[in-house]
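*Asks:* Below you will find the structure I want to go over with you.
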Amino acid sequence: MSECTHDCSTCSSKCEKADFQKPLNVNSKVTNVIAVASGKGGVGKSLVTSLLACEAQARGNKTAIMDADVTGPSIPKAFGLHDQAVGTELGIEPAVTDNGIKVMSINLILDDEEKPVVWRGPVISGVIEQFWTDVNWGEVDYMFVDMPPGTGDVPLTVYQSLPVKGIVVVTTPQDLVQLIVKKAYNMAKMMDVPILGVIENMSYVECPDCGKKLEIFGKGKAEAVAKELGVPVLATLPINPTTAELVDAGKITEADRTGFETALDVIEQQLIKE
(Lines give C-alpha, C1' and ligand atoms only; values in the text may rest on other atoms or scores of the structure.)
Protein backbone atom coordinates (compact mmCIF):
# COMPACT_ATOMS: atom_id res chain seq x y z
CA MET A 1 0.00 0.00 0.00
CA SER A 2 1.38 3.42 -0.93
CA GLU A 3 1.90 6.04 1.77
CA CYS A 4 -1.08 8.32 2.38
CA THR A 5 -0.59 11.81 0.92
CA HIS A 6 -3.55 13.18 2.93
CA ASP A 7 -5.02 14.52 -0.33
CA CYS A 8 -8.58 13.22 -0.11
CA SER A 9 -9.59 15.17 -3.22
CA THR A 10 -7.59 12.89 -5.54
CA CYS A 11 -7.51 9.68 -3.50
CA SER A 12 -8.87 6.46 -5.02
CA SER A 13 -8.68 4.48 -1.79
CA LYS A 14 -11.85 3.26 -0.13
CA CYS A 15 -10.89 4.29 3.40
CA GLU A 16 -13.33 6.45 5.31
CA LYS A 17 -12.28 9.82 6.69
CA ALA A 18 -13.98 8.91 9.97
CA ASP A 19 -11.41 6.10 10.45
CA PHE A 20 -8.88 8.75 11.50
CA GLN A 21 -11.17 10.53 13.95
CA LYS A 22 -10.58 10.17 17.65
CA PRO A 23 -13.47 9.42 20.03
CA LEU A 24 -14.83 12.38 21.92
CA ASN A 25 -14.75 12.32 25.71
CA VAL A 26 -17.58 9.98 26.72
CA ASN A 27 -19.22 12.63 28.90
CA SER A 28 -19.31 15.20 26.12
CA LYS A 29 -21.40 16.07 23.09
CA VAL A 30 -20.10 18.58 20.54
CA THR A 31 -22.41 19.45 17.65
CA ASN A 32 -20.34 21.80 15.47
CA VAL A 33 -16.54 22.01 15.29
CA ILE A 34 -15.27 25.05 13.36
CA ALA A 35 -11.57 25.67 12.76
CA VAL A 36 -10.21 29.21 12.42
CA ALA A 37 -7.11 29.05 10.22
CA SER A 38 -4.81 31.15 8.09
CA GLY A 39 -1.47 29.58 7.28
CA LYS A 40 0.34 32.66 8.59
CA GLY A 41 0.83 34.01 12.09
CA GLY A 42 -0.09 37.49 13.22
CA VAL A 43 -3.24 37.91 11.16
CA GLY A 44 -5.67 37.74 14.08
CA LYS A 45 -6.87 34.14 14.22
CA SER A 46 -7.15 34.19 18.01
CA LEU A 47 -9.06 37.47 17.93
CA VAL A 48 -11.48 36.13 15.34
CA THR A 49 -11.86 32.85 17.25
CA SER A 50 -12.59 34.68 20.50
CA LEU A 51 -15.14 37.11 19.07
CA LEU A 52 -16.93 34.42 17.05
CA ALA A 53 -17.23 32.42 20.26
CA CYS A 54 -18.48 35.47 22.18
CA GLU A 55 -21.12 36.10 19.50
CA ALA A 56 -22.23 32.47 19.52
CA GLN A 57 -22.43 32.46 23.32
CA ALA A 58 -24.40 35.72 23.33
CA ARG A 59 -27.03 34.05 21.14
CA GLY A 60 -27.66 31.41 23.77
CA ASN A 61 -25.44 28.67 22.34
CA LYS A 62 -23.27 26.49 24.53
CA THR A 63 -19.85 27.49 23.22
CA ALA A 64 -16.27 26.29 23.63
CA ILE A 65 -12.79 27.17 22.37
CA MET A 66 -10.00 24.65 21.83
CA ASP A 67 -6.68 26.50 21.67
CA ALA A 68 -4.74 24.35 19.20
CA ASP A 69 -1.81 26.77 19.03
CA VAL A 70 0.22 24.80 21.56
CA THR A 71 3.51 26.66 21.10
CA GLY A 72 1.93 30.12 21.01
CA PRO A 73 -1.31 30.03 23.02
CA SER A 74 -3.11 33.33 23.48
CA ILE A 75 -6.76 32.47 24.18
CA PRO A 76 -6.43 32.31 28.00
CA LYS A 77 -4.73 35.72 28.10
CA ALA A 78 -7.48 37.30 25.99
CA PHE A 79 -10.15 36.06 28.39
CA GLY A 80 -8.17 36.68 31.58
CA LEU A 81 -7.84 32.98 32.44
CA HIS A 82 -4.80 32.07 34.53
CA ASP A 83 -5.82 29.22 36.86
CA GLN A 84 -4.74 25.68 36.02
CA ALA A 85 -7.22 23.14 34.70
CA VAL A 86 -8.06 20.30 37.07
CA GLY A 87 -8.74 16.64 36.46
CA THR A 88 -11.74 14.70 37.77
CA GLU A 89 -13.13 11.22 37.22
CA LEU A 90 -15.00 12.66 34.21
CA GLY A 91 -11.87 14.05 32.56
CA ILE A 92 -9.97 17.33 32.48
CA GLU A 93 -12.29 20.19 33.34
CA PRO A 94 -12.02 23.16 30.95
CA ALA A 95 -11.75 26.69 32.25
CA VAL A 96 -14.85 28.86 31.91
CA THR A 97 -14.81 32.53 30.90
CA ASP A 98 -16.87 35.17 32.65
CA ASN A 99 -19.50 34.89 29.90
CA GLY A 100 -19.69 31.09 30.07
CA ILE A 101 -17.40 29.92 27.24
CA LYS A 102 -15.47 26.71 27.97
CA VAL A 103 -11.76 26.91 27.13
CA MET A 104 -8.91 24.43 26.96
CA SER A 105 -5.35 25.53 26.25
CA ILE A 106 -1.86 24.29 27.05
CA ASN A 107 -1.42 27.40 29.21
CA LEU A 108 -4.10 26.04 31.53
CA ILE A 109 -2.03 22.90 32.10
CA LEU A 110 1.52 24.24 32.43
CA ASP A 111 2.72 25.09 35.93
CA ASP A 112 4.09 28.36 34.53
CA GLU A 113 2.14 30.05 31.74
CA GLU A 114 5.30 31.81 30.55
CA LYS A 115 7.20 28.54 30.15
CA PRO A 116 7.96 27.79 26.48
CA VAL A 117 6.63 24.60 24.92
CA VAL A 118 9.69 23.03 23.27
CA TRP A 119 8.13 19.83 21.94
CA ARG A 120 8.37 17.97 18.67
CA GLY A 121 5.41 17.72 16.32
CA PRO A 122 4.13 14.26 17.33
CA VAL A 123 3.99 15.27 21.01
CA ILE A 124 2.08 18.46 20.17
CA SER A 125 -0.31 16.49 17.98
CA GLY A 126 -0.89 14.11 20.88
CA VAL A 127 -1.86 17.03 23.10
CA ILE A 128 -4.45 18.19 20.55
CA GLU A 129 -5.94 14.71 20.45
CA GLN A 130 -6.10 14.66 24.26
CA PHE A 131 -7.91 18.00 24.25
CA TRP A 132 -10.63 16.17 22.32
CA THR A 133 -10.62 12.78 24.03
CA ASP A 134 -9.77 13.66 27.64
CA VAL A 135 -11.47 17.00 28.29
CA ASN A 136 -14.93 16.94 29.82
CA TRP A 137 -16.53 19.42 27.42
CA GLY A 138 -20.10 18.55 28.38
CA GLU A 139 -22.72 19.69 25.90
CA VAL A 140 -21.39 22.12 23.27
CA ASP A 141 -23.26 23.64 20.32
CA TYR A 142 -20.22 25.38 18.80
CA MET A 143 -16.57 24.57 19.37
CA PHE A 144 -14.16 26.99 17.72
CA VAL A 145 -10.61 25.68 17.22
CA ASP A 146 -7.92 28.38 17.21
CA MET A 147 -5.37 26.96 14.77
CA PRO A 148 -1.62 27.60 14.72
CA PRO A 149 -0.02 29.08 11.60
CA GLY A 150 1.23 26.80 8.87
CA THR A 151 0.10 23.57 7.24
CA GLY A 152 2.01 21.07 9.37
CA ASP A 153 1.35 18.50 12.07
CA VAL A 154 -1.28 20.31 14.13
CA PRO A 155 -3.63 21.33 11.29
CA LEU A 156 -3.29 17.81 9.90
CA THR A 157 -4.17 16.37 13.32
CA VAL A 158 -7.16 18.67 13.75
CA TYR A 159 -8.59 17.95 10.29
CA GLN A 160 -8.12 14.19 10.65
CA SER A 161 -8.85 13.62 14.34
CA LEU A 162 -11.78 16.00 14.90
CA PRO A 163 -15.10 16.09 13.02
CA VAL A 164 -14.45 19.58 11.62
CA LYS A 165 -17.56 20.84 9.84
CA GLY A 166 -15.90 23.85 8.28
CA ILE A 167 -13.05 26.34 8.31
CA VAL A 168 -13.04 30.11 8.63
CA VAL A 169 -10.00 31.54 6.83
CA VAL A 170 -8.49 34.73 8.29
CA THR A 171 -6.41 37.07 6.14
CA THR A 172 -5.11 40.64 5.95
CA PRO A 173 -4.72 42.94 2.91
CA GLN A 174 -1.04 42.29 2.13
CA ASP A 175 -0.23 40.27 -1.01
CA LEU A 176 2.18 37.99 0.89
CA VAL A 177 -0.53 37.03 3.35
CA GLN A 178 -2.94 36.32 0.51
CA LEU A 179 -0.47 33.86 -1.00
CA ILE A 180 0.05 31.99 2.28
CA VAL A 181 -3.68 31.98 3.01
CA LYS A 182 -4.24 30.12 -0.24
CA LYS A 183 -1.91 27.41 1.03
CA ALA A 184 -4.16 26.94 4.08
CA TYR A 185 -7.21 26.96 1.81
CA ASN A 186 -5.67 24.33 -0.47
CA MET A 187 -4.75 22.15 2.50
CA ALA A 188 -8.35 22.22 3.69
CA LYS A 189 -9.54 21.25 0.22
CA MET A 190 -7.03 18.38 0.17
CA MET A 191 -8.44 17.19 3.49
CA ASP A 192 -11.99 17.49 2.13
CA VAL A 193 -12.99 20.02 4.78
CA PRO A 194 -15.48 22.75 3.68
CA ILE A 195 -14.42 26.41 3.68
CA LEU A 196 -17.14 28.49 5.34
CA GLY A 197 -15.76 31.88 4.32
CA VAL A 198 -13.06 34.50 4.60
CA ILE A 199 -12.59 37.19 7.25
CA GLU A 200 -10.21 40.03 6.41
CA ASN A 201 -8.68 41.52 9.53
CA MET A 202 -6.84 44.87 9.74
CA SER A 203 -8.66 46.04 6.61
CA TYR A 204 -8.53 49.68 7.62
CA VAL A 205 -8.33 52.09 10.53
CA GLU A 206 -11.02 54.68 11.06
CA CYS A 207 -9.85 58.22 11.77
CA PRO A 208 -11.26 59.24 15.18
CA ASP A 209 -11.65 62.85 14.03
CA CYS A 210 -13.20 62.67 10.56
CA GLY A 211 -14.32 59.04 10.33
CA LYS A 212 -12.39 58.42 7.13
CA LYS A 213 -11.27 54.83 6.55
CA LEU A 214 -7.52 54.64 6.02
CA GLU A 215 -6.23 51.47 4.32
CA ILE A 216 -2.77 51.50 5.85
CA PHE A 217 -1.89 47.97 4.62
CA GLY A 218 -3.17 48.64 1.13
CA LYS A 219 -6.55 48.21 -0.46
CA GLY A 220 -8.50 45.27 0.89
CA LYS A 221 -8.51 42.15 -1.25
CA ALA A 222 -11.11 40.09 0.59
CA GLU A 223 -13.70 40.24 -2.19
CA ALA A 224 -11.20 39.28 -4.88
CA VAL A 225 -9.71 36.42 -2.85
CA ALA A 226 -13.10 35.10 -1.80
CA LYS A 227 -14.32 35.19 -5.39
CA GLU A 228 -11.22 33.34 -6.56
CA LEU A 229 -11.70 30.69 -3.88
CA GLY A 230 -15.44 30.50 -4.41
CA VAL A 231 -16.38 31.30 -0.81
CA PRO A 232 -18.23 34.20 0.88
CA VAL A 233 -16.67 37.16 2.66
CA LEU A 234 -17.82 36.86 6.26
CA ALA A 235 -16.47 40.21 7.49
CA THR A 236 -13.89 42.94 6.93
CA LEU A 237 -12.58 44.11 10.28
CA PRO A 238 -10.84 47.38 11.18
CA ILE A 239 -7.80 47.90 13.35
CA ASN A 240 -9.37 48.80 16.67
CA PRO A 241 -7.03 50.07 19.43
CA THR A 242 -9.77 49.64 22.05
CA THR A 243 -10.11 45.96 21.20
CA ALA A 244 -6.33 45.54 21.50
CA GLU A 245 -6.41 47.14 24.96
CA LEU A 246 -9.23 44.84 26.08
CA VAL A 247 -7.35 41.76 24.86
CA ASP A 248 -4.25 42.84 26.78
CA ALA A 249 -6.40 43.33 29.88
CA GLY A 250 -8.06 39.90 29.53
CA LYS A 251 -11.43 41.50 28.85
CA ILE A 252 -12.17 40.47 25.27
CA THR A 253 -15.75 39.68 26.30
CA GLU A 254 -16.28 43.45 26.44
CA ALA A 255 -14.98 44.06 22.89
CA ASP A 256 -17.08 45.39 20.04
CA ARG A 257 -18.42 42.51 17.92
CA THR A 258 -19.57 44.59 14.97
CA GLY A 259 -19.32 42.43 11.87
CA PHE A 260 -19.40 39.17 13.79
CA GLU A 261 -23.20 39.06 13.89
CA THR A 262 -23.35 38.83 10.10
CA ALA A 263 -20.33 36.51 10.00
CA LEU A 264 -21.99 33.99 12.31
CA ASP A 265 -25.24 34.24 10.34
CA VAL A 266 -23.42 33.25 7.16
CA ILE A 267 -21.50 30.49 8.95
CA GLU A 268 -24.74 29.00 10.24
CA GLN A 269 -26.22 29.14 6.73
CA GLN A 270 -23.13 27.40 5.32
CA LEU A 271 -23.38 24.67 7.96
CA ILE A 272 -27.00 24.04 7.03
CA LYS A 273 -25.96 23.62 3.39
CA GLU A 274 -23.27 21.15 4.37
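If you're wondering about the labels, chains in the C-alpha coordinates are A, B, ... by order shown, residues count from 1 in each chain, ligands from 1 in order shown.
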Please return, as a PyMOL selection string, all residues of region 69-260 of chain A that DSSP assigns to strand (DSSP E or B) on the basis of the backbone.

*Replies:* chain A and resi 86-88+91-93+95-96+102-104+135+139-146+164-171+195-200+205-206+213-214+233-236

*Asks:* List the spatial neighbours of region 38-52 of chain A as an MDAnalysis selection string - criterion: any atom at most 7 Å away, only C-alpha atoms, same-chain residues fewer than 6 positions off excluded.

*Replies:* chainID A and resid 74:75 144 146 149:151 169:172 177 180:181 183:184 201 257 260 264

*Asks:* Would you mind exporting the chosen residues as a short mmCIF file (atom, residue, chain, number, x, y, z; two decimals), in the first residue's frame, restricted to all heavy atoms?

*Replies:*
data_model
loop_
_atom_site.label_atom_id
_atom_site.label_comp_id
_atom_site.auth_asym_id
_atom_site.auth_seq_id
_atom_site.Cartn_x
_atom_site.Cartn_y
_atom_site.Cartn_z
N SER A 74 -2.76 31.96 23.08
CA SER A 74 -3.11 33.33 23.48
C SER A 74 -4.56 33.45 23.95
O SER A 74 -4.95 34.51 24.46
CB SER A 74 -2.87 34.30 22.32
OG SER A 74 -3.54 33.88 21.15
N ILE A 75 -5.35 32.41 23.78
CA ILE A 75 -6.76 32.47 24.18
C ILE A 75 -6.93 32.74 25.68
O ILE A 75 -7.72 33.62 26.07
CB ILE A 75 -7.50 31.18 23.77
CG1 ILE A 75 -7.56 31.07 22.23
CG2 ILE A 75 -8.91 31.16 24.36
CD1 ILE A 75 -8.37 32.14 21.55
N PHE A 144 -15.06 26.31 18.64
CA PHE A 144 -14.16 26.99 17.72
C PHE A 144 -12.72 26.57 18.05
O PHE A 144 -12.30 26.64 19.21
CB PHE A 144 -14.31 28.50 17.83
CG PHE A 144 -15.67 28.99 17.39
CD1 PHE A 144 -16.70 29.17 18.31
CD2 PHE A 144 -15.93 29.24 16.05
CE1 PHE A 144 -17.95 29.61 17.92
CE2 PHE A 144 -17.18 29.68 15.64
CZ PHE A 144 -18.20 29.86 16.57
N ASP A 146 -8.90 27.36 17.59
CA ASP A 146 -7.92 28.38 17.21
C ASP A 146 -6.67 27.66 16.71
O ASP A 146 -5.93 27.06 17.47
CB ASP A 146 -7.59 29.25 18.43
CG ASP A 146 -6.66 30.40 18.08
OD1 ASP A 146 -6.58 30.76 16.89
OD2 ASP A 146 -6.02 30.93 19.00
N PRO A 149 -0.36 28.79 13.00
CA PRO A 149 -0.02 29.08 11.60
C PRO A 149 0.61 27.87 10.93
O PRO A 149 1.13 26.97 11.60
CB PRO A 149 0.97 30.24 11.71
CG PRO A 149 1.55 30.11 13.08
CD PRO A 149 0.46 29.57 13.95
N GLY A 150 0.57 27.86 9.62
CA GLY A 150 1.23 26.80 8.87
C GLY A 150 0.29 25.68 8.44
O GLY A 150 -0.91 25.70 8.71
N THR A 151 0.87 24.70 7.76
CA THR A 151 0.10 23.57 7.24
C THR A 151 0.76 22.26 7.66
O THR A 151 0.84 21.31 6.88
CB THR A 151 0.00 23.64 5.71
OG1 THR A 151 1.33 23.74 5.15
CG2 THR A 151 -0.80 24.85 5.27
N VAL A 169 -11.35 31.13 7.21
CA VAL A 169 -10.00 31.54 6.83
C VAL A 169 -9.82 33.02 7.14
O VAL A 169 -10.62 33.86 6.72
CB VAL A 169 -9.75 31.29 5.33
CG1 VAL A 169 -8.35 31.75 4.94
CG2 VAL A 169 -9.92 29.81 5.00
N VAL A 170 -8.77 33.35 7.90
CA VAL A 170 -8.49 34.73 8.29
C VAL A 170 -7.32 35.25 7.46
O VAL A 170 -6.30 34.56 7.29
CB VAL A 170 -8.14 34.84 9.78
CG1 VAL A 170 -7.92 36.30 10.18
CG2 VAL A 170 -9.26 34.22 10.63
N THR A 171 -7.46 36.47 6.95
CA THR A 171 -6.41 37.07 6.14
C THR A 171 -6.30 38.55 6.46
O THR A 171 -7.10 39.10 7.21
CB THR A 171 -6.71 36.86 4.63
OG1 THR A 171 -5.62 37.38 3.86
CG2 THR A 171 -7.99 37.56 4.22
N THR A 172 -5.29 39.19 5.89
CA THR A 172 -5.11 40.64 5.95
C THR A 172 -4.82 41.13 4.54
O THR A 172 -4.59 40.33 3.63
CB THR A 172 -3.97 41.03 6.91
OG1 THR A 172 -2.76 40.37 6.50
CG2 THR A 172 -4.29 40.65 8.35
N VAL A 177 0.42 37.77 2.53
CA VAL A 177 -0.53 37.03 3.35
C VAL A 177 -1.52 36.30 2.47
O VAL A 177 -1.88 35.15 2.72
CB VAL A 177 -1.26 37.97 4.33
CG1 VAL A 177 -2.32 37.22 5.11
CG2 VAL A 177 -0.25 38.60 5.28
N ILE A 180 -0.06 33.03 1.26
CA ILE A 180 0.05 31.99 2.28
C ILE A 180 -1.33 31.49 2.68
O ILE A 180 -1.52 30.31 2.98
CB ILE A 180 0.84 32.52 3.49
CG1 ILE A 180 2.26 32.89 3.04
CG2 ILE A 180 0.90 31.50 4.60
CD1 ILE A 180 3.09 33.57 4.09
N VAL A 181 -2.32 32.37 2.69
CA VAL A 181 -3.68 31.98 3.01
C VAL A 181 -4.18 30.93 2.03
O VAL A 181 -4.88 29.98 2.39
CB VAL A 181 -4.62 33.21 3.01
CG1 VAL A 181 -6.08 32.79 2.86
CG2 VAL A 181 -4.43 34.00 4.30
N LYS A 183 -2.48 28.70 0.65
CA LYS A 183 -1.91 27.41 1.03
C LYS A 183 -2.80 26.73 2.07
O LYS A 183 -3.07 25.52 2.00
CB LYS A 183 -0.49 27.58 1.59
CG LYS A 183 0.55 28.02 0.57
CD LYS A 183 1.91 28.16 1.22
CE LYS A 183 2.97 28.63 0.23
NZ LYS A 183 3.29 27.58 -0.76
N ALA A 184 -3.26 27.50 3.06
CA ALA A 184 -4.16 26.94 4.08
C ALA A 184 -5.47 26.49 3.45
O ALA A 184 -6.02 25.45 3.80
CB ALA A 184 -4.41 27.98 5.17
N ASN A 201 -8.98 40.73 8.35
CA ASN A 201 -8.68 41.52 9.53
C ASN A 201 -7.73 42.66 9.16
O ASN A 201 -7.03 42.59 8.15
CB ASN A 201 -8.06 40.62 10.60
CG ASN A 201 -7.98 41.30 11.96
OD1 ASN A 201 -8.79 42.16 12.29
ND2 ASN A 201 -7.01 40.90 12.76
N ARG A 257 -18.29 43.65 18.82
CA ARG A 257 -18.42 42.51 17.92
C ARG A 257 -19.07 42.90 16.59
O ARG A 257 -19.59 42.03 15.87
CB ARG A 257 -19.23 41.39 18.58
CG ARG A 257 -18.61 40.79 19.83
CD ARG A 257 -19.24 39.46 20.19
NE ARG A 257 -20.68 39.55 20.34
CZ ARG A 257 -21.31 39.89 21.46
NH1 ARG A 257 -20.61 40.20 22.53
NH2 ARG A 257 -22.63 39.94 21.52
N PHE A 260 -19.36 40.58 13.43
CA PHE A 260 -19.40 39.17 13.79
C PHE A 260 -20.82 38.62 13.81
O PHE A 260 -21.03 37.41 13.70
CB PHE A 260 -18.70 38.93 15.12
CG PHE A 260 -17.21 38.99 15.01
CD1 PHE A 260 -16.54 40.20 15.15
CD2 PHE A 260 -16.48 37.86 14.71
CE1 PHE A 260 -15.16 40.27 15.01
CE2 PHE A 260 -15.09 37.92 14.57
CZ PHE A 260 -14.44 39.12 14.73
N LEU A 264 -21.44 35.22 11.73
CA LEU A 264 -21.99 33.99 12.31
C LEU A 264 -23.27 33.58 11.58
O LEU A 264 -23.54 32.39 11.41
CB LEU A 264 -22.25 34.16 13.80
CG LEU A 264 -22.57 32.87 14.57
CD1 LEU A 264 -21.44 31.85 14.40
CD2 LEU A 264 -22.81 33.16 16.04
#

*Asks:* Name the residues of region 93-254 of chain A that fall into helix (DSSP H, G or I) according to DSSP on the backbone, using the chain letters and numbers of this document, as an MDAnalysis selection string.

*Replies:* chainID A and resid 106:108 121:133 153:161 175:190 222:229 241:248 252:254
